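A short write-up of the structure that comes next.
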Amino acid sequence: MNGAGELPPQEEGLFSNSWYGKFHLEMHPWHAGWQAMWGHADMLERSLPWYVGNLDNARAEAARHHVKGAWWPKMVGPEGRNSPSLVSPFIMWQQPHPILLAELVWRAENDPAVLDRYGEVVEATADLLATWPIERDGRLNLGMPMIPAQENYDP
């Protein structure tokens with residue numbers, strides 16, 4: 001199965017390879033979340049250890065941006081570095097995905113061991129989401145330059 005490997009799946013499938021063969025964390029739930037929902041949490045769990053193994057990289061990236069928690073890249077290779085791109089560093093909608101994927105496994109397995117495996121990733125990701133908005137003029141703002149999901153706007 002193309003979306004059930006040890007790495008998060010790339011954006012496209014077997015027949016094309018845009019985006020330099022890198023996988024896109026914003027697409028991980030679309031390509032693999034169904035596995036846990038359809039009784040195959042073990043297939044989804046093949047790729048979730050990638051987040052555990054790259055948690056230190058994600059924490060370093062969050063610190064670089066002066067926020068707490070774990071900042072997950074968009075287009076990335078196995079080593080966990082954000083790939084060079086005019087768009088990737090500014091796309092942020094992949095940030096909650098490790099929480100969603102761990103939740104899908106939890107719901108499928110209802111096993112406390114899931115919390116042991118992914119709890120640190122979930123907490124670090126939640127820390128980013130909680131500290132990322134900054135207060136400015138009495139309003140919460142997302143701060144850093146960002147590009148919405150359409151990927152056709154300037155940061």
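Numbering starts fresh at 1 for the residues of each chain in the structure tokens, the chains themselves are lettered A, B, ... in the order given, and ligands are numbered from 1 as they appear.
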
Exercise for the section: Please give the complete set of residues from chain A that DSSP, run on the backbone, assigns to alpha helix (DSSP H), formatted as an MDAnalysis selection string. Expected result: chainID A and resid 28:37 41:44 49:53 55:64 97:109 112:131

Practice task
May I have the residues within 8 Å of Ala149 in chain A as a ChimeraX atom specification, using only C-alpha atoms and disregarding those fewer than 2 positions away in the same chain?
Solution key: /A:91,93,147,151

Considering only C-alpha atoms, give me a table of residues in range 79-113 of chain A that are at most 12 Å from range 38-45 of chain A, with the closest atom pair and distance in Å for each, as CSV.
```
residue,atom,partner,partner_atom,distance
A:Pro98,CA,A:Glu45,CA,11.4
A:Leu100,CA,A:Leu44,CA,11.8
A:Leu101,CA,A:Leu44,CA,8.1
A:Ala102,CA,A:Glu45,CA,8.7
A:Glu103,CA,A:Ala41,CA,10.7
A:Leu104,CA,A:Ala41,CA,7.8
A:Val105,CA,A:Ala41,CA,5.6
A:Trp106,CA,A:Ala41,CA,8.8
A:Arg107,CA,A:Ala41,CA,9.3
A:Ala108,CA,A:Ala41,CA,6.3
A:Glu109,CA,A:Ala41,CA,7.4
A:Asn110,CA,A:Ala41,CA,10.9
A:Asp111,CA,A:Ala41,CA,11.7
```

Exercise for the section: Give me the residues within 10 Å of Gly143 in chain A as a VMD selection string, counting only C-alpha atoms and dropping any in the same chain fewer than 5 places off. Expected result: chain A and resid 132 to 136

Practice task
Just the strand (DSSP E) stuff from range 30-152 of chain A, please, per backbone DSSP, written as a list in words.
Solution key: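 Those residues are Met75, Val76, Ile134, Glu135, Arg136, Arg139, Leu140 and Asn141 of chain A.
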
Practice task
Would you list the contacts of Thr131 in chain A as a list in words, taking every protein, DNA or RNA residue within 12 Å and counting only C-alpha atoms, but skipping same-chain residues closer than 6 positions in sequence?
Solution key: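 Near Thr131 in chain A, the qualifying residues are Ala62, Ala63, His65, His66, Val67, Lys68, Gly69, Ala70, Trp71, Ala124, Thr125, Leu140, Asn141, Leu142 and Gly143 of chain A.
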
Preceding selection exported with N, CA, C and O atoms as a compact mmCIF listing (two decimals), in the first residue's frame:
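Written file, result.txt:
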```txt
# COMPACT_ATOMS: atom_id res chain seq x y z
N ALA A 62 10.77 25.24 16.21
CA ALA A 62 9.89 26.11 17.00
C ALA A 62 10.72 27.15 17.75
O ALA A 62 10.38 28.34 17.75
N ALA A 63 11.81 26.73 18.35
CA ALA A 63 12.67 27.66 19.09
C ALA A 63 13.24 28.72 18.15
O ALA A 63 13.34 29.90 18.52
N HIS A 65 11.80 30.00 15.72
CA HIS A 65 10.71 30.95 15.48
C HIS A 65 10.21 31.62 16.76
O HIS A 65 9.19 32.31 16.74
N HIS A 66 10.89 31.36 17.87
CA HIS A 66 10.57 31.98 19.16
C HIS A 66 9.19 31.59 19.68
O HIS A 66 8.48 32.41 20.27
N VAL A 67 8.80 30.34 19.44
CA VAL A 67 7.57 29.80 20.01
C VAL A 67 7.91 28.49 20.72
O VAL A 67 8.98 27.92 20.51
N LYS A 68 7.02 28.02 21.53
CA LYS A 68 7.23 26.77 22.26
C LYS A 68 6.73 25.60 21.41
O LYS A 68 5.98 25.77 20.47
N GLY A 69 7.11 24.41 21.82
CA GLY A 69 6.56 23.21 21.22
C GLY A 69 7.33 22.68 20.04
O GLY A 69 8.55 22.82 19.96
N ALA A 70 6.62 22.05 19.11
CA ALA A 70 7.20 21.39 17.94
C ALA A 70 6.59 21.99 16.68
O ALA A 70 5.38 21.99 16.52
N TRP A 71 7.44 22.48 15.81
CA TRP A 71 7.03 23.11 14.54
C TRP A 71 7.33 22.11 13.44
O TRP A 71 8.48 21.84 13.13
N ALA A 124 3.91 18.38 22.61
CA ALA A 124 4.77 19.38 21.99
C ALA A 124 4.03 20.10 20.86
O ALA A 124 4.18 21.31 20.68
N THR A 125 3.24 19.36 20.11
CA THR A 125 2.46 19.96 19.03
C THR A 125 1.40 20.90 19.60
O THR A 125 1.20 22.02 19.11
N LEU A 140 -5.68 38.37 19.10
CA LEU A 140 -4.72 37.29 18.85
C LEU A 140 -4.45 37.22 17.35
O LEU A 140 -5.38 37.20 16.53
N ASN A 141 -3.18 37.17 17.00
CA ASN A 141 -2.75 37.07 15.61
C ASN A 141 -1.81 35.88 15.48
O ASN A 141 -1.09 35.55 16.42
N LEU A 142 -1.79 35.30 14.30
CA LEU A 142 -0.90 34.16 14.09
C LEU A 142 0.53 34.57 13.81
O LEU A 142 1.41 33.75 13.74
N GLY A 143 0.76 35.85 13.68
CA GLY A 143 2.13 36.34 13.71
C GLY A 143 2.93 36.15 12.44
O GLY A 143 2.79 36.91 11.50
```

Could you make a table, as JSON lines, of the residues of range 84-135 of chain A that have an atom within 8 Å of an atom of range 20-26 of chain A, each with its nearest atom pair and distance in Å to one decimal, counting only C-alpha atoms, in chain and number order?
```
{"residue": "A:Trp93", "atom": "CA", "partner": "A:Glu26", "partner_atom": "CA", "distance": 6.4}
{"residue": "A:Gln94", "atom": "CA", "partner": "A:Glu26", "partner_atom": "CA", "distance": 4.1}
{"residue": "A:Gln95", "atom": "CA", "partner": "A:Glu26", "partner_atom": "CA", "distance": 7.8}
{"residue": "A:His97", "atom": "CA", "partner": "A:Glu26", "partner_atom": "CA", "distance": 7.2}
```

For Arg117 in chain A, find every residue with an atom within 10 Å (counting only C-alpha atoms), except residues of its own chain fewer than 3 positions away, and show them as a PDB file with all heavy atoms, in the first residue's frame.
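The resulting around10.pdb:
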```
ATOM      1  N   LEU A  48       3.908   6.836  11.927  1.00  0.00           N
ATOM      2  CA  LEU A  48       3.896   7.764  13.059  1.00  0.00           C
ATOM      3  C   LEU A  48       5.216   7.839  13.825  1.00  0.00           C
ATOM      4  O   LEU A  48       5.540   8.907  14.362  1.00  0.00           O
ATOM      5  CB  LEU A  48       2.740   7.445  13.998  1.00  0.00           C
ATOM      6  CG  LEU A  48       1.349   7.692  13.416  1.00  0.00           C
ATOM      7  CD1 LEU A  48       0.282   7.472  14.477  1.00  0.00           C
ATOM      8  CD2 LEU A  48       1.231   9.067  12.798  1.00  0.00           C
ATOM      9  N   PRO A  49       6.014   6.788  13.894  1.00  0.00           N
ATOM     10  CA  PRO A  49       7.306   6.939  14.566  1.00  0.00           C
ATOM     11  C   PRO A  49       8.204   8.004  13.925  1.00  0.00           C
ATOM     12  O   PRO A  49       9.128   8.502  14.571  1.00  0.00           O
ATOM     13  CB  PRO A  49       7.927   5.544  14.472  1.00  0.00           C
ATOM     14  CG  PRO A  49       6.742   4.632  14.436  1.00  0.00           C
ATOM     15  CD  PRO A  49       5.723   5.375  13.591  1.00  0.00           C
ATOM     16  N   VAL A  52       8.017  10.938  16.141  1.00  0.00           N
ATOM     17  CA  VAL A  52       8.773  10.717  17.377  1.00  0.00           C
ATOM     18  C   VAL A  52      10.265  10.907  17.101  1.00  0.00           C
ATOM     19  O   VAL A  52      10.969  11.597  17.856  1.00  0.00           O
ATOM     20  CB  VAL A  52       8.494   9.309  17.950  1.00  0.00           C
ATOM     21  CG1 VAL A  52       9.359   9.031  19.167  1.00  0.00           C
ATOM     22  CG2 VAL A  52       7.011   9.147  18.276  1.00  0.00           C
ATOM     23  N   ALA A 102      -2.552  10.699  15.948  1.00  0.00           N
ATOM     24  CA  ALA A 102      -2.463   9.953  17.206  1.00  0.00           C
ATOM     25  C   ALA A 102      -3.858   9.693  17.779  1.00  0.00           C
ATOM     26  O   ALA A 102      -4.116   8.609  18.318  1.00  0.00           O
ATOM     27  CB  ALA A 102      -1.597  10.718  18.213  1.00  0.00           C
ATOM     28  N   PRO A 112      -3.786   2.287  26.380  1.00  0.00           N
ATOM     29  CA  PRO A 112      -2.921   3.292  26.998  1.00  0.00           C
ATOM     30  C   PRO A 112      -1.505   3.337  26.415  1.00  0.00           C
ATOM     31  O   PRO A 112      -0.825   4.352  26.523  1.00  0.00           O
ATOM     32  CB  PRO A 112      -2.888   2.891  28.473  1.00  0.00           C
ATOM     33  CG  PRO A 112      -4.147   2.122  28.677  1.00  0.00           C
ATOM     34  CD  PRO A 112      -4.413   1.410  27.374  1.00  0.00           C
ATOM     35  N   ALA A 113      -1.066   2.281  25.787  1.00  0.00           N
ATOM     36  CA  ALA A 113       0.260   2.273  25.166  1.00  0.00           C
ATOM     37  C   ALA A 113       0.359   3.315  24.052  1.00  0.00           C
ATOM     38  O   ALA A 113       1.454   3.813  23.767  1.00  0.00           O
ATOM     39  CB  ALA A 113       0.588   0.880  24.631  1.00  0.00           C
ATOM     40  N   VAL A 114      -0.768   3.648  23.434  1.00  0.00           N
ATOM     41  CA  VAL A 114      -0.776   4.694  22.399  1.00  0.00           C
ATOM     42  C   VAL A 114      -0.333   6.022  23.017  1.00  0.00           C
ATOM     43  O   VAL A 114       0.431   6.779  22.415  1.00  0.00           O
ATOM     44  CB  VAL A 114      -2.169   4.823  21.742  1.00  0.00           C
ATOM     45  CG1 VAL A 114      -2.228   6.017  20.797  1.00  0.00           C
ATOM     46  CG2 VAL A 114      -2.530   3.535  21.005  1.00  0.00           C
ATOM     47  N   GLU A 120       4.271  12.528  23.943  1.00  0.00           N
ATOM     48  CA  GLU A 120       5.232  13.632  23.893  1.00  0.00           C
ATOM     49  C   GLU A 120       5.076  14.442  22.601  1.00  0.00           C
ATOM     50  O   GLU A 120       5.148  15.676  22.614  1.00  0.00           O
ATOM     51  CB  GLU A 120       6.652  13.080  24.019  1.00  0.00           C
ATOM     52  CG  GLU A 120       7.686  14.146  24.250  1.00  0.00           C
ATOM     53  CD  GLU A 120       9.070  13.564  24.516  1.00  0.00           C
ATOM     54  OE1 GLU A 120       9.262  12.332  24.493  1.00  0.00           O
ATOM     55  OE2 GLU A 120       9.974  14.389  24.751  1.00  0.00           O
ATOM     56  N   VAL A 121       4.811  13.763  21.494  1.00  0.00           N
ATOM     57  CA  VAL A 121       4.583  14.452  20.221  1.00  0.00           C
ATOM     58  C   VAL A 121       3.307  15.281  20.300  1.00  0.00           C
ATOM     59  O   VAL A 121       3.269  16.437  19.869  1.00  0.00           O
ATOM     60  CB  VAL A 121       4.516  13.438  19.053  1.00  0.00           C
ATOM     61  CG1 VAL A 121       3.964  14.081  17.785  1.00  0.00           C
ATOM     62  CG2 VAL A 121       5.879  12.835  18.802  1.00  0.00           C
ATOM     63  N   VAL A 122       2.262  14.700  20.851  1.00  0.00           N
ATOM     64  CA  VAL A 122       0.985  15.412  20.980  1.00  0.00           C
ATOM     65  C   VAL A 122       1.152  16.646  21.862  1.00  0.00           C
ATOM     66  O   VAL A 122       0.699  17.742  21.510  1.00  0.00           O
ATOM     67  CB  VAL A 122      -0.114  14.473  21.518  1.00  0.00           C
ATOM     68  CG1 VAL A 122      -1.346  15.252  21.945  1.00  0.00           C
ATOM     69  CG2 VAL A 122      -0.475  13.431  20.460  1.00  0.00           C
TER      70      VAL A 122
END
```

Handout entry: Å distance separating CA of Pro8 in chain A from CA of Ser47 in chain A, one decimal place
Key = 5.3 Å

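Between Asn57 in chain A and the candidates A:Met37, A:Arg81, A:Asp116, A:Met75, the tightest atom-to-atom separation, counting only C-alpha atoms, involves A:Arg81.
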
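In terms of minimum interatomic distance to Ala36 in chain A, A:Ala4 ranks closest within A:Ala130, A:Met92, A:Ala4, A:Val76, counting only C-alpha atoms.
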
Practice task
Can you work out the spacing between CA of Phe90 in chain A and CA of Pro155 in chain A in Å, to one decimal?
Solution key: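 Computed distance, CA of Phe90 in chain A to CA of Pro155 in chain A, equals 6.5 Å.
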
Handout entry: Distance in Å - CA of Leu115 in chain A versus CA of Asp127 in chain A
Key = 16.4 Å
